[in-house]
$ cat start.cif   # mmCIF, C-alpha atoms
data_input
loop_
_atom_site.label_atom_id
_atom_site.label_comp_id
_atom_site.auth_asym_id
_atom_site.auth_seq_id
_atom_site.Cartn_x
_atom_site.Cartn_y
_atom_site.Cartn_z
CA MET A 309 25.46 -76.25 2.82
CA PRO A 310 22.21 -75.08 4.44
CA LYS A 311 19.21 -77.36 4.27
CA VAL A 312 15.83 -75.80 3.66
CA SER A 313 12.60 -77.53 4.63
CA MET A 314 9.23 -76.16 3.67
CA THR A 315 5.73 -77.14 2.69
CA VAL A 316 5.11 -76.56 -1.01
CA ASN A 317 1.52 -76.90 -2.21
CA GLY A 318 0.76 -79.00 0.85
CA ARG A 319 3.71 -81.35 0.41
CA ALA A 320 6.66 -81.38 2.81
CA VAL A 321 9.91 -80.94 0.89
CA SER A 322 13.51 -80.30 1.77
CA ALA A 323 16.56 -79.48 -0.29
CA ASP A 324 20.23 -78.68 0.17
CA VAL A 325 20.83 -75.16 -1.04
CA GLU A 326 23.51 -72.49 -1.00
CA GLY A 327 22.86 -69.32 0.96
CA ARG A 328 22.56 -67.49 -2.36
CA THR A 329 20.00 -69.88 -3.87
CA LEU A 330 16.75 -68.08 -4.64
CA LEU A 331 13.35 -69.46 -3.71
CA VAL A 332 12.36 -69.51 -7.38
CA GLN A 333 15.40 -71.63 -8.22
CA VAL A 334 14.36 -74.27 -5.69
CA LEU A 335 10.80 -74.25 -7.00
CA ARG A 336 11.76 -74.52 -10.66
CA ASP A 337 15.06 -76.40 -10.67
CA LYS A 338 14.77 -78.73 -7.67
CA LEU A 339 11.02 -79.28 -7.46
CA ALA A 340 10.28 -78.97 -11.22
CA LEU A 341 7.44 -76.54 -10.50
CA THR A 342 8.02 -74.51 -13.64
CA GLY A 343 4.67 -72.73 -13.55
CA THR A 344 6.41 -69.99 -11.57
CA HIS A 345 8.16 -67.91 -14.21
CA VAL A 346 11.24 -65.72 -14.12
CA GLY A 347 10.63 -62.67 -16.26
CA CYS A 348 12.82 -59.73 -15.38
CA ASP A 349 14.79 -61.23 -12.49
CA THR A 350 14.96 -57.70 -11.02
CA SER A 351 11.87 -57.65 -8.77
CA GLN A 352 9.86 -55.58 -11.23
CA CYS A 353 7.67 -57.83 -13.37
CA GLY A 354 5.88 -60.14 -10.94
CA ALA A 355 5.94 -63.28 -13.13
CA CYS A 356 7.54 -65.11 -10.18
CA VAL A 357 4.92 -64.24 -7.54
CA VAL A 358 4.11 -67.08 -5.15
CA HIS A 359 2.56 -67.10 -1.68
CA VAL A 360 4.75 -67.56 1.38
CA ASP A 361 2.58 -68.17 4.44
CA GLY A 362 -0.38 -66.81 2.49
CA LYS A 363 1.22 -63.57 1.35
CA SER A 364 2.33 -62.76 -2.18
CA VAL A 365 6.08 -62.36 -2.63
CA LYS A 366 8.42 -62.15 -5.58
CA SER A 367 10.22 -65.48 -5.42
CA CYS A 368 13.17 -64.09 -7.40
CA THR A 369 13.77 -61.68 -4.50
CA VAL A 370 13.57 -64.14 -1.62
CA LEU A 371 16.39 -66.48 -0.65
CA ALA A 372 15.37 -70.11 -0.36
CA VAL A 373 16.74 -70.16 3.20
CA GLN A 374 14.35 -67.33 4.11
CA ALA A 375 11.45 -69.66 3.31
CA ASP A 376 12.72 -72.35 5.68
CA GLY A 377 9.77 -73.61 7.73
CA ALA A 378 7.27 -71.70 5.60
CA SER A 379 4.24 -72.83 3.66
CA VAL A 380 4.63 -71.96 -0.02
CA THR A 381 1.87 -72.00 -2.61
CA THR A 382 2.64 -71.81 -6.32
CA ILE A 383 0.32 -71.66 -9.31
CA GLU A 384 0.40 -75.47 -9.40
CA GLY A 385 -1.14 -75.53 -5.93
CA LEU A 386 -4.36 -73.68 -6.77
CA ALA A 387 -6.42 -76.13 -8.83
CA LYS A 388 -8.09 -79.13 -7.21
CA GLY A 389 -7.31 -81.92 -9.63
CA ASN A 390 -8.97 -80.99 -12.91
CA GLU A 391 -11.09 -78.30 -11.31
CA LEU A 392 -9.58 -74.86 -11.81
CA HIS A 393 -9.36 -72.43 -8.90
CA PRO A 394 -12.07 -69.74 -9.26
CA MET A 395 -9.42 -67.13 -10.13
CA GLN A 396 -7.92 -69.38 -12.83
CA ALA A 397 -11.41 -70.05 -14.19
CA ALA A 398 -12.09 -66.30 -14.30
CA PHE A 399 -8.89 -65.65 -16.27
CA LYS A 400 -10.00 -68.31 -18.76
CA GLU A 401 -13.57 -67.03 -18.97
CA HIS A 402 -12.61 -63.36 -19.40
CA HIS A 403 -9.63 -64.05 -21.62
CA GLY A 404 -7.26 -62.43 -19.12
CA LEU A 405 -4.18 -63.51 -21.05
CA GLN A 406 -2.56 -63.56 -24.44
CA CYS A 407 0.88 -65.19 -24.39
CA GLY A 408 0.37 -66.36 -20.81
CA PHE A 409 3.87 -65.68 -19.53
CA CYS A 410 2.79 -63.23 -16.83
CA THR A 411 -0.36 -65.19 -15.97
CA PRO A 412 0.91 -67.35 -13.07
CA GLY A 413 2.14 -64.23 -11.26
CA MET A 414 -1.02 -62.31 -12.12
CA VAL A 415 -3.21 -65.08 -10.73
CA MET A 416 -1.16 -65.45 -7.53
CA SER A 417 -1.24 -61.68 -6.93
CA ALA A 418 -4.95 -61.60 -7.69
CA VAL A 419 -5.70 -64.38 -5.20
CA ASP A 420 -3.84 -62.44 -2.49
CA LEU A 421 -5.93 -59.35 -3.31
CA ALA A 422 -9.19 -61.29 -3.30
CA GLN A 423 -8.38 -62.78 0.10
CA ARG A 424 -8.07 -59.26 1.53
CA ASN A 425 -10.75 -57.57 -0.56
CA PRO A 426 -13.59 -59.79 -1.85
CA ASP A 427 -15.07 -57.06 -4.06
CA PRO A 428 -12.23 -54.94 -5.47
CA SER A 429 -12.99 -51.96 -7.71
CA GLU A 430 -11.25 -51.52 -11.05
CA HIS A 431 -8.99 -48.97 -9.35
CA ASP A 432 -8.18 -51.41 -6.52
CA VAL A 433 -7.19 -54.09 -9.03
CA ARG A 434 -5.06 -51.80 -11.18
CA GLU A 435 -3.27 -50.44 -8.13
CA TRP A 436 -2.71 -53.92 -6.69
CA LEU A 437 -1.22 -55.17 -9.96
CA GLU A 438 1.41 -52.38 -10.07
CA GLY A 439 4.07 -55.02 -9.56
CA ASN A 440 2.80 -57.38 -12.26
CA ILE A 441 3.70 -56.48 -15.82
CA CYS A 442 1.93 -57.81 -18.93
CA ARG A 443 3.66 -56.98 -22.20
CA CYS A 444 0.80 -58.18 -24.40
CA THR A 445 -1.06 -55.13 -22.98
CA GLY A 446 -3.85 -57.36 -21.79
CA TYR A 447 -4.59 -55.43 -18.62
CA HIS A 448 -8.17 -54.63 -19.56
CA ASN A 449 -9.29 -58.24 -19.51
CA ILE A 450 -6.97 -59.08 -16.63
CA VAL A 451 -8.79 -56.49 -14.51
CA LYS A 452 -12.17 -57.92 -15.52
CA ALA A 453 -10.93 -61.43 -14.71
CA VAL A 454 -9.61 -60.42 -11.28
CA GLN A 455 -12.89 -58.72 -10.33
CA ALA A 456 -14.90 -61.74 -11.46
CA GLY A 457 -12.47 -64.17 -9.80
CA ALA A 458 -12.66 -62.29 -6.50
CA LYS A 459 -16.46 -62.47 -6.57
CA ALA A 460 -16.36 -66.17 -7.41
CA MET A 461 -13.93 -66.81 -4.55
CA ALA A 462 -16.21 -64.97 -2.13
CA ALA A 463 -19.25 -66.90 -3.40
CA ALA A 464 -17.45 -70.23 -3.01
CA LYS A 465 -16.71 -69.60 0.68
CA MET B 1435 25.30 -63.60 -6.74
CA TYR B 1436 28.65 -64.29 -5.18
CA GLU B 1437 28.66 -66.95 -2.51
CA PHE B 1438 28.14 -65.93 1.09
CA ALA B 1439 27.62 -67.60 4.44
CA TYR B 1440 24.09 -67.34 5.81
CA HIS B 1441 23.27 -66.72 9.46
CA LYS B 1442 19.90 -66.39 11.13
CA PRO B 1443 20.42 -65.19 14.71
CA ALA B 1444 17.52 -65.16 17.19
CA SER B 1445 18.54 -62.11 19.23
CA ILE B 1446 19.89 -58.60 18.70
CA ALA B 1447 22.94 -59.53 20.76
CA ASP B 1448 23.74 -62.53 18.55
CA ALA B 1449 23.19 -60.52 15.38
CA ALA B 1450 25.48 -57.76 16.66
CA LYS B 1451 28.11 -60.34 17.56
CA LEU B 1452 28.05 -61.86 14.07
CA LEU B 1453 28.35 -58.42 12.46
CA ALA B 1454 31.12 -57.31 14.81
CA ALA B 1455 33.13 -60.48 14.20
CA ASP B 1456 33.14 -60.02 10.42
CA GLY B 1457 33.48 -56.56 8.90
CA ASP B 1458 32.38 -57.87 5.50
CA ALA B 1459 29.13 -59.36 6.81
CA LYS B 1460 25.93 -57.59 5.88
CA ALA B 1461 22.67 -57.40 7.82
CA MET B 1462 19.54 -58.28 5.86
CA ALA B 1463 16.08 -57.06 6.87
CA GLY B 1464 13.42 -57.70 4.18
CA GLY B 1465 16.03 -58.09 1.46
CA GLN B 1466 14.07 -56.15 -1.15
CA THR B 1467 17.05 -53.93 -1.91
CA LEU B 1468 19.87 -56.18 -0.73
CA ILE B 1469 18.93 -59.24 -2.79
CA PRO B 1470 18.68 -57.31 -6.10
CA THR B 1471 22.00 -55.66 -5.21
CA LEU B 1472 23.61 -59.06 -4.62
CA LYS B 1473 22.12 -60.44 -7.84
CA GLN B 1474 23.74 -57.65 -9.80
CA ARG B 1475 27.01 -58.38 -8.02
CA LEU B 1476 27.14 -54.81 -6.79
CA ALA B 1477 27.99 -56.11 -3.32
CA LYS B 1478 30.11 -59.04 -2.17
CA PRO B 1479 29.45 -59.65 1.51
CA SER B 1480 31.22 -62.58 3.15
CA ALA B 1481 28.07 -63.34 5.11
CA VAL B 1482 24.43 -62.31 5.24
CA VAL B 1483 22.94 -61.95 8.71
CA ASP B 1484 19.18 -62.45 8.31
CA LEU B 1485 17.34 -60.46 10.99
CA SER B 1486 13.94 -62.07 10.40
CA GLY B 1487 14.38 -64.45 13.33
CA VAL B 1488 14.97 -61.65 15.85
CA LYS B 1489 11.62 -61.24 17.63
CA GLU B 1490 12.78 -58.12 19.54
CA LEU B 1491 12.80 -56.20 16.25
CA GLY B 1492 9.10 -56.62 15.53
CA GLY B 1493 5.92 -55.02 16.75
CA ILE B 1494 3.96 -51.78 16.63
CA SER B 1495 2.98 -49.81 19.73
CA VAL B 1496 0.87 -46.66 19.92
CA GLY B 1497 0.35 -44.49 22.98
CA GLY B 1498 1.39 -41.35 24.83
CA GLY B 1499 1.40 -39.30 21.63
CA LYS B 1500 3.87 -41.63 19.97
CA VAL B 1501 3.90 -44.41 17.39
CA THR B 1502 6.77 -46.88 17.70
CA ILE B 1503 7.47 -49.37 14.95
CA GLY B 1504 9.92 -52.23 15.29
CA ALA B 1505 12.65 -52.27 12.67
CA MET B 1506 11.58 -55.58 11.09
CA THR B 1507 7.94 -54.53 10.65
CA ARG B 1508 6.89 -55.05 7.04
CA HIS B 1509 5.43 -52.16 5.05
CA ALA B 1510 2.19 -54.11 4.53
CA ASP B 1511 1.76 -54.50 8.31
CA VAL B 1512 2.25 -50.76 8.94
CA ALA B 1513 -0.20 -49.97 6.13
CA ALA B 1514 -2.81 -52.36 7.54
CA SER B 1515 -2.37 -51.54 11.24
CA ALA B 1516 -5.61 -50.18 12.70
CA ASP B 1517 -3.61 -48.46 15.46
CA VAL B 1518 -1.30 -46.66 13.02
CA LYS B 1519 -4.19 -45.74 10.74
CA LYS B 1520 -5.96 -44.13 13.67
CA ALA B 1521 -3.01 -42.36 15.31
CA LEU B 1522 -0.91 -41.43 12.29
CA PRO B 1523 -2.83 -42.10 9.05
CA ALA B 1524 -0.19 -40.32 6.96
CA LEU B 1525 2.35 -42.97 7.96
CA ALA B 1526 0.03 -45.88 7.18
CA ALA B 1527 -0.75 -44.34 3.79
CA LEU B 1528 2.94 -43.81 3.05
CA ALA B 1529 3.73 -47.44 3.89
CA GLY B 1530 0.86 -48.58 1.66
CA GLY B 1531 2.34 -46.70 -1.28
CA ILE B 1532 5.85 -48.17 -1.22
CA GLY B 1533 6.80 -50.34 -4.21
CA ASP B 1534 4.09 -52.89 -4.95
CA PRO B 1535 2.13 -55.34 -2.76
CA ALA B 1536 4.67 -58.18 -3.01
CA VAL B 1537 7.51 -55.82 -2.08
CA ARG B 1538 5.44 -54.41 0.80
CA ASN B 1539 4.95 -57.95 2.13
CA ARG B 1540 8.73 -58.32 2.54
CA GLY B 1541 10.28 -54.86 2.86
CA THR B 1542 10.78 -53.37 6.34
CA ILE B 1543 10.98 -49.91 7.87
CA GLY B 1544 14.39 -50.60 9.39
CA GLY B 1545 15.81 -51.80 6.09
CA SER B 1546 14.45 -48.80 4.22
CA ILE B 1547 15.89 -46.31 6.69
CA ALA B 1548 19.26 -48.03 7.05
CA ASN B 1549 19.60 -48.13 3.26
CA ASN B 1550 18.60 -44.44 2.89
CA ASP B 1551 17.92 -44.62 -0.82
CA PRO B 1552 17.63 -41.03 -2.09
CA ALA B 1553 14.14 -41.81 -3.43
CA ALA B 1554 12.83 -43.95 -0.56
CA ASP B 1555 9.57 -42.95 1.15
CA TYR B 1556 10.20 -43.73 4.83
CA PRO B 1557 13.09 -41.27 5.28
CA ALA B 1558 10.63 -38.48 4.39
CA ALA B 1559 8.30 -39.57 7.21
CA CYS B 1560 11.18 -39.81 9.69
CA LEU B 1561 12.51 -36.37 8.87
CA GLY B 1562 9.09 -34.80 8.35
CA LEU B 1563 7.85 -35.94 11.75
CA GLY B 1564 11.12 -35.58 13.63
CA ALA B 1565 11.29 -39.28 14.49
CA THR B 1566 13.81 -40.90 16.79
CA ILE B 1567 15.75 -43.89 15.50
CA LYS B 1568 16.60 -46.33 18.28
CA THR B 1569 19.56 -48.60 17.64
CA ASP B 1570 21.17 -51.34 19.71
CA LYS B 1571 23.62 -48.67 20.96
CA ARG B 1572 21.80 -45.32 21.19
CA GLU B 1573 18.95 -43.07 20.09
CA ILE B 1574 19.48 -40.86 17.04
CA PRO B 1575 17.19 -37.99 16.04
CA ALA B 1576 16.15 -38.15 12.38
CA ASP B 1577 17.73 -34.71 11.84
CA ALA B 1578 21.14 -36.27 12.58
CA PHE B 1579 20.51 -39.69 10.99
CA PHE B 1580 20.30 -39.15 7.21
CA LYS B 1581 23.78 -38.07 6.14
CA GLY B 1582 23.81 -38.34 2.36
CA MET B 1583 23.21 -40.68 -0.55
CA PHE B 1584 22.86 -44.20 0.93
CA GLU B 1585 24.64 -42.82 4.00
CA THR B 1586 23.40 -42.69 7.58
CA ALA B 1587 24.75 -42.04 11.07
CA LEU B 1588 24.82 -45.81 11.71
CA GLU B 1589 28.22 -47.17 12.62
CA PRO B 1590 29.43 -50.45 11.09
CA GLY B 1591 27.46 -53.29 12.65
CA GLU B 1592 25.00 -50.95 14.43
CA LEU B 1593 21.41 -52.19 14.13
CA ILE B 1594 18.18 -50.20 14.07
CA VAL B 1595 15.81 -51.59 16.71
CA ALA B 1596 12.77 -49.34 16.31
CA VAL B 1597 11.59 -45.96 15.05
CA THR B 1598 9.46 -43.68 17.21
CA PHE B 1599 7.28 -41.05 15.55
CA PRO B 1600 5.71 -38.23 17.57
CA VAL B 1601 2.05 -37.87 16.60
CA PRO B 1602 1.54 -34.47 14.90
CA GLU B 1603 -1.60 -32.34 14.75
CA LYS B 1604 -1.83 -33.02 11.03
CA ALA B 1605 0.38 -34.69 8.44
CA ALA B 1606 0.33 -36.03 4.91
CA TYR B 1607 2.68 -37.44 2.31
CA MET B 1608 2.32 -36.92 -1.41
CA LYS B 1609 4.59 -38.37 -4.01
CA PHE B 1610 4.97 -38.16 -7.74
CA ASP B 1611 5.92 -41.74 -8.62
CA GLN B 1612 8.45 -42.73 -11.16
CA PRO B 1613 5.86 -44.84 -13.02
CA ALA B 1614 8.03 -47.93 -13.59
CA SER B 1615 9.87 -48.28 -10.29
CA ARG B 1616 7.25 -46.59 -8.04
CA TYR B 1617 10.08 -44.80 -6.31
CA ALA B 1618 9.42 -41.15 -5.60
CA LEU B 1619 10.54 -38.85 -8.40
CA VAL B 1620 9.65 -36.31 -5.73
CA GLY B 1621 7.89 -37.02 -2.43
CA VAL B 1622 7.00 -34.42 0.19
CA PHE B 1623 5.98 -35.14 3.78
CA VAL B 1624 4.38 -32.24 5.65
CA ALA B 1625 3.53 -32.14 9.34
CA LYS B 1626 1.88 -29.55 11.56
CA THR B 1627 3.30 -29.95 15.05
CA ALA B 1628 2.95 -28.03 18.31
CA THR B 1629 6.35 -26.45 17.66
CA GLY B 1630 5.76 -25.51 14.02
CA ALA B 1631 5.58 -27.04 10.57
CA ARG B 1632 8.04 -29.58 9.18
CA VAL B 1633 8.50 -30.33 5.49
CA ALA B 1634 10.72 -33.17 4.27
CA VAL B 1635 11.54 -33.86 0.63
CA THR B 1636 12.67 -37.18 -0.83
CA GLY B 1637 13.57 -38.21 -4.38
CA ALA B 1638 14.69 -34.73 -5.38
CA GLY B 1639 18.19 -34.56 -3.90
CA SER B 1640 21.07 -36.85 -3.01
CA SER B 1641 19.31 -37.60 0.28
CA VAL B 1642 16.12 -36.61 2.05
CA PHE B 1643 16.18 -32.96 3.22
CA ARG B 1644 14.04 -30.37 5.01
CA TRP B 1645 12.60 -27.50 3.00
CA LYS B 1646 13.04 -24.71 5.53
CA ASP B 1647 11.42 -21.90 3.48
CA ALA B 1648 8.20 -23.90 3.26
CA GLU B 1649 8.38 -24.73 6.98
CA ALA B 1650 8.63 -21.00 7.80
CA ALA B 1651 5.66 -20.16 5.57
CA LEU B 1652 3.51 -23.02 6.91
CA SER B 1653 4.41 -22.26 10.51
CA LYS B 1654 2.90 -18.78 10.01
CA THR B 1655 -0.18 -20.01 8.13
CA TRP B 1656 -1.02 -23.68 7.63
CA SER B 1657 -2.55 -23.61 4.15
CA ALA B 1658 -1.57 -24.55 0.64
CA ALA B 1659 -1.94 -20.90 -0.34
CA ALA B 1660 0.81 -20.01 2.14
CA LEU B 1661 3.22 -21.74 -0.25
CA ASP B 1662 2.19 -19.64 -3.28
CA GLY B 1663 5.26 -17.42 -3.34
CA VAL B 1664 7.67 -20.04 -1.97
CA LYS B 1665 9.89 -21.61 -4.62
CA ALA B 1666 12.25 -24.55 -4.07
CA SER B 1667 15.71 -24.02 -5.50
CA ALA B 1668 16.86 -26.37 -8.27
CA ALA B 1669 20.50 -26.02 -7.20
CA GLY B 1670 21.99 -29.41 -6.40
CA LEU B 1671 18.84 -31.39 -7.17
CA ASN B 1672 18.88 -34.66 -9.12
CA ALA B 1673 18.56 -34.59 -12.88
CA ASP B 1674 18.09 -37.71 -15.01
CA ILE B 1675 16.06 -39.03 -17.94
CA HIS B 1676 12.93 -38.87 -15.80
CA GLY B 1677 13.17 -35.18 -14.96
CA SER B 1678 15.50 -32.19 -14.82
CA ALA B 1679 16.50 -30.46 -11.60
CA GLU B 1680 14.15 -27.57 -12.47
CA TYR B 1681 11.29 -30.02 -13.02
CA ARG B 1682 11.92 -31.66 -9.67
CA ALA B 1683 12.10 -28.25 -7.97
CA HIS B 1684 8.70 -27.42 -9.46
CA LEU B 1685 7.30 -30.77 -8.32
CA ILE B 1686 8.44 -30.11 -4.75
CA GLY B 1687 6.14 -27.08 -4.63
CA VAL B 1688 3.24 -28.96 -6.22
CA MET B 1689 3.56 -32.01 -3.96
CA ALA B 1690 3.96 -29.84 -0.84
CA LYS B 1691 0.74 -27.98 -1.61
CA ARG B 1692 -1.14 -31.20 -2.31
CA ALA B 1693 0.17 -32.68 0.93
CA VAL B 1694 -0.99 -29.65 2.96
CA GLU B 1695 -4.42 -29.92 1.35
CA LYS B 1696 -4.60 -33.63 2.13
CA ALA B 1697 -3.41 -33.34 5.75
#

$ encode --input "start.cif" --output "structure tokens"
Amino acid sequence: MPKVSMTVNGRAVSADVEGRTLLVQVLRDKLALTGTHVGCDTSQCGACVVHVDGKSVKSCTVLAVQADGASVTTIEGLAKGNELHPMQAAFKEHHGLQCGFCTPGMVMSAVDLAQRNPDPSEHDVREWLEGNICRCTGYHNIVKAVQAGAKAMAAAK
Amino acid sequence: MYEFAYHKPASIADAAKLLAADGDAKAMAGGQTLIPTLKQRLAKPSAVVDLSGVKELGGISVGGGKVTIGAMTRHADVAASADVKKALPALAALAGGIGDPAVRNRGTIGGSIANNDPAADYPAACLGLGATIKTDKREIPADAFFKGMFETALEPGELIVAVTFPVPEKAAYMKFDQPASRYALVGVFVAKTATGARVAVTGAGSSVFRWKDAEAALSKTWSAAALDGVKASAAGLNADIHGSAEYRAHLIGVMAKRAVEKA
């Protein structure tokens, strides 16, 4: 059985996995990091987005063994103690969620965007979130939150 | 997913050896098509040979009127490459429009071409530009590479190493996205080259194909208006809940004109 070792939210972890074990299964089932959600399980909805070496990926479409040696950040890794990450704070402030199921993936995708583009336009945000689906139809406030969060991240640098 | 053995070779030679030794082993590039296929149990490989550890398959080089992209280069890296944007902006733009950002961070050019999905974007660039596909055994011109639905000229176990695109005078790609999947309902790549125009169509048929009537018209006059009287035939085109064959044929003309205007 392959062994996978990686850094998750700054902590070194390792687990015995099967070749077919998905990254999201390790995060949720072995590490109890259940903030990463599985929505569609078909690479469409983006609820499972995490960062692997700083880049957003759909963790339901990555094998755990592919993340061997990588640094993984999940939604649990953003806040500093009780202090929300600027993107999380922006989602709260702008009410960028209703049921909240898609939110972890939205936030992780948004952070990746903000790291590349500190001042995204509405169009930039909507295009970037093509792979993140919200079924409460909350996109309007999500877009506002992402724009505000990106600015706050740039200001905090 | 069914169980499989996992291998991560560090060289093309080792990867080829693993694939040659086991006819039921499957090569994995970015996995953005293979993993969903495995999850649906549509494939049952005995082993997955992960190519991400093979350094020889990476890298982008530009020069001498050519752009060469290593097979394992991610779509996001092609889209963001300053060299590609300068030399062949149509290719960078095409790569930046595949799937969504998370898919582009994993998916690769080699995987896309080897899979030859009838609605994939990269095959249109390969055929539209007359690219050369270099494998671990030979070099294959794009015109001889794409054989049919999910079918290529690759032999079992043969690995794509890199794709070389000749830099055209002008080129552009326009696609009409299927709004949920972001695959091309119809995508058209047009290129003006020293030897004439090339027009490649993806999404509309069972595999990417060249639209010769449009090439003839554009070779005479490179303008969207040159395509006014040129109609794509609906015969043999795809028809599904997203669009009839006639609708796709119409879209080919519309996308081709838009691409010529954009180039």

$ closest_residue --input "start.cif" --among "A:Gln352, A:Thr411, A:Asn425, A:Gln374" --to "Val312 in chain A" --atoms "all atoms listed in the file"
A:Gln374

$ axis_aligned_box --input "start.cif" --around "range 367-380 of chain A" --padding-each-side "3 Å" --output "AutoDock Vina command-line options"
--center_x 10.5 --center_y -67.6 --center_z 0.2 --size_x 18.5 --size_y 17.9 --size_z 21.1

$ residues_around --input "start.cif" --residues "Phe399 in chain A" --least-positions-apart "6" --cutoff "10 Å" --atoms "only C-alpha atoms" --output "list in words"
Leu405, Thr411, Met414, Val415, Asn449, Ile450, Val451, Lys452, Ala453, Val454, Gln455, Ala456 and Gly457 of chain A

$ interface_residues --input "start.cif" --of "chain B" --to "chain A" --cutoff "10 Å" --atoms "only C-alpha atoms" --output "VMD selection string"
chain B and resid 1435 to 1442 1464 to 1474 1481 to 1482 1484 1486 to 1487 1531 1533 to 1540 1613 to 1616

$ resolve_selection --input "start.cif" --expression "the PyMOL selection byres ((chain A and resi 426) around 6)" --output "PyMOL selection string"
chain A and resi 422+425+427+458+462

$ residues_around --input "start.cif" --residues "Asp1448 in chain B" --least-positions-apart "6" --cutoff "10 Å" --atoms "all atoms listed in the file" --output "ChimeraX atom specification"
/B:1442,1454,1483,1488

$ atom_distance --input "start.cif" --atom1 "CA of Glu384 in chain A" --atom2 "CA of Cys356 in chain A"
12.6 Å

$ residues_around --input "start.cif" --residues "Gly1637 in chain B" --least-positions-apart "5" --cutoff "8 Å" --atoms "only C-alpha atoms" --output "list in words"
Pro1552, Ala1553, Ala1554, Tyr1617, Ala1618, Leu1619, Val1620, Gly1621, Val1642 and Asn1672 of chain B

$ atom_distance --input "start.cif" --atom1 "CA of Ala1449 in chain B" --atom2 "CA of Ala1463 in chain B"
11.6 Å

$ resolve_selection --input "start.cif" --expression "the PyMOL selection byres ((chain B and resi 1645) around 8)" --output "list in words"
Arg1632, Val1633, Ala1634, Val1635, Phe1643, Arg1644, Lys1646, Asp1647, Ala1648, Glu1649 and Ala1666 of chain B

$ residues_around --input "start.cif" --residues "range 1492-1496 of chain B" --least-positions-apart "5" --cutoff "6 Å" --atoms "all atoms listed in the file" --output "mmCIF file with C-alpha atoms, keeping the file's coordinate frame"
data_model
loop_
_atom_site.group_PDB
_atom_site.id
_atom_site.type_symbol
_atom_site.label_atom_id
_atom_site.label_comp_id
_atom_site.auth_asym_id
_atom_site.auth_seq_id
_atom_site.Cartn_x
_atom_site.Cartn_y
_atom_site.Cartn_z
ATOM 1 C CA VAL B 1501 3.900 -44.410 17.390
ATOM 2 C CA THR B 1502 6.770 -46.880 17.700
ATOM 3 C CA ILE B 1503 7.470 -49.370 14.950
ATOM 4 C CA GLY B 1504 9.920 -52.230 15.290
ATOM 5 C CA MET B 1506 11.580 -55.580 11.090
ATOM 6 C CA THR B 1507 7.940 -54.530 10.650
#
